[in-house]
file entry17.csv (CSV, C-alpha atoms)
chain,number,residue,atom,x,y,z
A,1252,ALA,CA,-14.4,-26.9,11.4
A,1253,ALA,CA,-16.6,-24.4,13.1
A,1254,ALA,CA,-20.4,-24.6,13.1
A,1255,ASP,CA,-20.7,-21.8,10.5
A,1256,GLY,CA,-18.4,-23.8,8.1
A,1257,VAL,CA,-15.4,-21.5,8.6
A,1258,VAL,CA,-12.1,-23.2,9.7
A,1259,ARG,CA,-10.7,-21.5,12.8
A,1260,LEU,CA,-6.9,-21.4,13.3
A,1261,ASN,CA,-5.3,-21.7,16.6
A,1262,GLY,CA,-3.1,-18.8,17.9
A,1263,ARG,CA,0.3,-20.4,17.2
A,1264,PHE,CA,-0.6,-21.1,13.6
A,1265,ARG,CA,-1.7,-17.5,13.1
A,1266,TRP,CA,1.6,-16.2,14.3
A,1267,LEU,CA,3.4,-18.8,12.1
A,1268,LEU,CA,1.7,-17.2,9.1
A,1269,VAL,CA,2.8,-13.7,10.2
A,1270,ALA,CA,6.4,-15.0,10.5
A,1271,LEU,CA,6.0,-16.6,7.0
A,1272,VAL,CA,4.9,-13.2,5.6
A,1273,LEU,CA,8.0,-11.6,7.0
A,1274,ILE,CA,10.3,-14.4,5.8
A,1275,SER,CA,8.7,-14.6,2.3
A,1276,PHE,CA,8.9,-10.8,1.9
A,1277,SER,CA,12.6,-10.9,2.8
A,1278,LEU,CA,13.3,-13.8,0.5
A,1279,GLY,CA,11.4,-12.1,-2.3
A,1280,MET,CA,13.5,-8.9,-1.9
A,1281,TYR,CA,16.6,-11.1,-1.9
A,1282,GLU,CA,15.4,-13.0,-4.9
A,1283,TRP,CA,14.8,-9.9,-6.9
A,1284,GLU,CA,18.1,-8.4,-6.0
A,1285,ARG,CA,19.8,-11.7,-7.2
A,1286,LEU,CA,17.8,-11.6,-10.4
A,1287,LEU,CA,18.8,-8.0,-11.0
A,1288,HIS,CA,22.4,-8.7,-10.3
A,1289,ALA,CA,22.4,-11.8,-12.5
A,1290,SER,CA,20.9,-9.9,-15.4
A,1291,GLY,CA,23.8,-7.4,-15.5
A,1292,GLN,CA,21.3,-4.6,-16.1
A,1293,ASP,CA,20.2,-1.6,-14.1
A,1294,TRP,CA,16.6,-2.6,-14.2
A,1295,ILE,CA,14.5,-5.6,-15.2
A,1296,ALA,CA,10.9,-6.0,-16.0
A,1297,ALA,CA,8.6,-7.5,-13.4
A,1298,ARG,CA,8.2,-11.3,-13.6
A,1299,GLU,CA,6.1,-13.6,-11.5
A,1300,THR,CA,8.2,-15.8,-9.3
A,1301,PHE,CA,7.5,-18.6,-6.9
A,1302,ILE,CA,8.4,-16.6,-3.9
A,1303,ASP,CA,6.1,-13.7,-5.0
A,1304,ASN,CA,3.2,-16.2,-5.3
A,1305,LEU,CA,4.1,-17.7,-1.9
A,1306,TYR,CA,4.1,-14.3,-0.3
A,1307,SER,CA,0.7,-13.5,-1.8
A,1308,LEU,CA,-0.8,-16.7,-0.5
A,1309,VAL,CA,0.6,-16.3,3.0
A,1310,VAL,CA,-0.7,-12.7,3.2
A,1311,LEU,CA,-4.1,-13.9,2.2
A,1312,GLY,CA,-3.8,-16.6,4.9
A,1313,VAL,CA,-3.0,-13.9,7.5
A,1314,PHE,CA,-6.1,-12.0,6.6
A,1315,ILE,CA,-8.2,-15.1,6.9
A,1316,ALA,CA,-6.5,-16.1,10.2
A,1317,PHE,CA,-7.0,-12.7,11.8
A,1318,GLU,CA,-10.5,-12.0,10.4
A,1319,ARG,CA,-12.2,-11.8,13.8
A,1320,VAL,CA,-9.4,-9.9,15.5
A,1321,LYS,CA,-10.2,-6.3,16.5
A,1322,ILE,CA,-7.9,-4.0,14.6
A,1323,PRO,CA,-7.1,-0.6,16.1
A,1324,PHE,CA,-8.5,2.3,14.2
A,1325,SER,CA,-10.5,-0.1,12.0
A,1326,SER,CA,-13.4,2.4,11.5
A,1327,GLN,CA,-10.9,5.0,10.2
A,1328,LEU,CA,-9.2,2.5,8.0
A,1329,SER,CA,-12.6,1.5,6.6
A,1330,ARG,CA,-13.4,5.1,5.8
A,1331,LEU,CA,-10.0,5.5,4.2
A,1332,GLY,CA,-10.6,2.2,2.2
A,1333,ALA,CA,-13.9,3.6,0.9
A,1334,SER,CA,-11.9,6.6,-0.5
A,1335,SER,CA,-9.0,4.5,-1.9
A,1336,TYR,CA,-10.1,4.7,-5.6
A,1337,GLY,CA,-10.3,8.5,-5.4
A,1338,ILE,CA,-6.8,8.5,-3.7
A,1339,TYR,CA,-5.5,6.2,-6.4
A,1340,LEU,CA,-6.9,8.5,-9.2
A,1341,ILE,CA,-5.4,11.7,-7.8
A,1342,HIS,CA,-2.1,10.6,-6.0
A,1343,THR,CA,0.1,10.6,-9.1
A,1344,PRO,CA,-0.1,14.3,-10.0
A,1345,VAL,CA,-0.1,15.2,-6.3
A,1346,LEU,CA,3.2,13.3,-5.8
A,1347,ALA,CA,4.8,14.7,-8.9
A,1348,TYR,CA,4.0,18.3,-8.1
A,1349,THR,CA,4.9,17.9,-4.4
A,1350,ALA,CA,8.3,16.5,-5.3
A,1351,ARG,CA,8.8,19.4,-7.7
A,1352,LEU,CA,7.9,21.9,-5.0
A,1353,VAL,CA,10.3,20.2,-2.6
A,1354,TYR,CA,13.0,20.3,-5.2
A,1355,HIS,CA,12.5,24.0,-5.7
A,1356,LEU,CA,11.8,25.1,-2.1
A,1357,ALA,CA,13.7,22.7,0.1
A,1358,PRO,CA,16.0,20.5,-2.0
A,1359,VAL,CA,18.0,19.4,1.0
A,1360,PHE,CA,15.1,17.1,2.0
A,1361,LEU,CA,15.4,15.1,-1.3
A,1362,GLY,CA,18.6,13.5,0.1
A,1363,ILE,CA,17.0,12.6,3.5
A,1364,GLN,CA,14.8,9.7,2.5
A,1365,ALA,CA,13.6,9.1,6.1
A,1366,VAL,CA,11.9,12.5,6.0
A,1367,PHE,CA,11.1,12.9,2.3
A,1368,LEU,CA,9.3,9.6,1.7
A,1369,PRO,CA,6.9,9.8,4.7
A,1370,PHE,CA,6.2,13.4,3.7
A,1371,LEU,CA,5.3,12.3,0.2
A,1372,PHE,CA,3.2,9.4,1.6
A,1373,ALA,CA,1.3,11.8,3.9
A,1374,VAL,CA,0.7,14.4,1.1
A,1375,GLY,CA,-0.2,11.7,-1.4
A,1376,VAL,CA,-3.0,10.6,0.9
A,1377,ALA,CA,-4.0,13.8,2.5
A,1378,ALA,CA,-4.2,16.0,-0.6
A,1379,PRO,CA,-6.6,13.7,-2.5
A,1380,LEU,CA,-8.8,13.3,0.6
A,1381,LEU,CA,-8.9,17.1,0.9
A,1382,LEU,CA,-9.8,17.6,-2.7
A,1383,MET,CA,-12.5,14.9,-2.4
A,1384,ALA,CA,-13.9,16.6,0.7
A,1385,ILE,CA,-14.0,20.0,-1.1
A,1386,VAL,CA,-15.8,18.5,-4.1
A,1387,ASN,CA,-18.2,16.7,-1.8
A,1388,ARG,CA,-19.2,20.0,-0.2
A,1389,SER,CA,-19.3,22.1,-3.4
A,1390,PRO,CA,-21.9,22.4,-6.1
A,1391,ALA,CA,-19.9,19.8,-8.0
A,1392,ARG,CA,-21.1,17.2,-5.5
A,1393,LYS,CA,-23.5,15.7,-8.0
A,1394,TYR,CA,-20.4,14.6,-10.0
A,1395,TYR,CA,-18.5,13.2,-7.0
A,1396,GLY,CA,-19.3,9.6,-7.9
A,1397,TYR,CA,-18.1,10.1,-11.5
A,1398,LEU,CA,-14.9,11.8,-10.4
A,1399,PHE,CA,-13.8,9.6,-7.5
A,1400,GLY,CA,-15.9,6.4,-7.7
call {"tool": "encode", "arguments": {"input": "entry17.csv", "output": "structure tokens"}}
result
Amino acid sequence: AAADGVVRLNGRFRWLLVALVLISFSLGMYEWERLLHASGQDWIAARETFIDNLYSLVVLGVFIAFERVKIPFSSQLSRLGASSYGIYLIHTPVLAYTARLVYHLAPVFLGIQAVFLPFLFAVGVAAPLLLMAIVNRSPARKYYGYLFG
């Protein structure tokens, strides 16, 4: 144990945890596909499984293991994280209306998931951030905290 009471992990163990994240994620996807297939239905409700819990624990372990590692763009990610509640509140209508616009203006992109999904992701983050910036610079600024957290 370190002097400050925090256990430090050696480099190999850190990367083992990263590998376990990838493995448990893949196993979880496989498990859910097997559950869906075994059910004989088109859709099944979410259930907590052992592999889901294992994945969650390993992801937490990775965050702990890499807590002192310098992450590229960490200041930008931190600012984005501070806006995450506002993004969460606004993203659903933004995604719905954006998908409808694409459907009417450029429906060919609906069949190209490699283009359509990154586009939806970008708009789903950028549009709420833009709206939040507009409100923050408008007379409605005094309500910003109530609107976006």
call {"tool": "closest_residue", "arguments": {"input": "entry17.csv", "among": "A:Leu1368, A:Ala1377, A:Val1353, A:Ala1391", "to": "Ser1335 of chain A", "atoms": "all atoms listed in the file"}}
result
A:Ala1377
call {"tool": "atom_distance", "arguments": {"input": "entry17.csv", "atom1": "atom CA of Asp1303 of chain A", "atom2": "atom CA of Phe1276 of chain A"}}
result
8.0 Å
call {"tool": "residues_around", "arguments": {"input": "entry17.csv", "residues": "Thr1300 of chain A", "least_positions_apart": "4", "cutoff": "9 Å", "atoms": "only C-alpha atoms", "output": "PyMOL selection string"}}
result
chain A and resi 1279+1282+1304-1305
call {"tool": "residues_around", "arguments": {"input": "entry17.csv", "residues": "Trp1266 of chain A", "least_positions_apart": "2", "cutoff": "12 Å", "atoms": "all atoms listed in the file", "output": "NGL selection string"}}
result
:A and (1260-1264 or 1268-1273 or 1309-1310 or 1312-1314 or 1316-1317)
call {"tool": "atom_distance", "arguments": {"input": "entry17.csv", "atom1": "atom CA of Asn1387 of chain A", "atom2": "atom CA of Leu1352 of chain A"}}
result
26.8 Å
call {"tool": "closest_residue", "arguments": {"input": "entry17.csv", "among": "A:Leu1380, A:Trp1283, A:Phe1370, A:Tyr1348", "to": "Leu1331 of chain A", "atoms": "all atoms listed in the file"}}
result
A:Leu1380
call {"tool": "closest_residue", "arguments": {"input": "entry17.csv", "among": "A:Leu1340, A:Trp1294, A:Glu1284, A:Val1376", "to": "Tyr1397 of chain A", "atoms": "all atoms listed in the file"}}
result
A:Leu1340
call {"tool": "atom_distance", "arguments": {"input": "entry17.csv", "atom1": "atom CA of Ser1275 of chain A", "atom2": "atom CA of Ser1325 of chain A"}}
result
25.9 Å
call {"tool": "closest_residue", "arguments": {"input": "entry17.csv", "among": "A:His1288, A:Ser1329, A:Leu1278, A:Phe1367", "to": "Phe1301 of chain A", "atoms": "only C-alpha atoms"}}
result
A:Leu1278
call {"tool": "closest_residue", "arguments": {"input": "entry17.csv", "among": "A:Met1383, A:Leu1267, A:Leu1361, A:Val1366", "to": "Tyr1395 of chain A", "atoms": "only C-alpha atoms"}}
result
A:Met1383
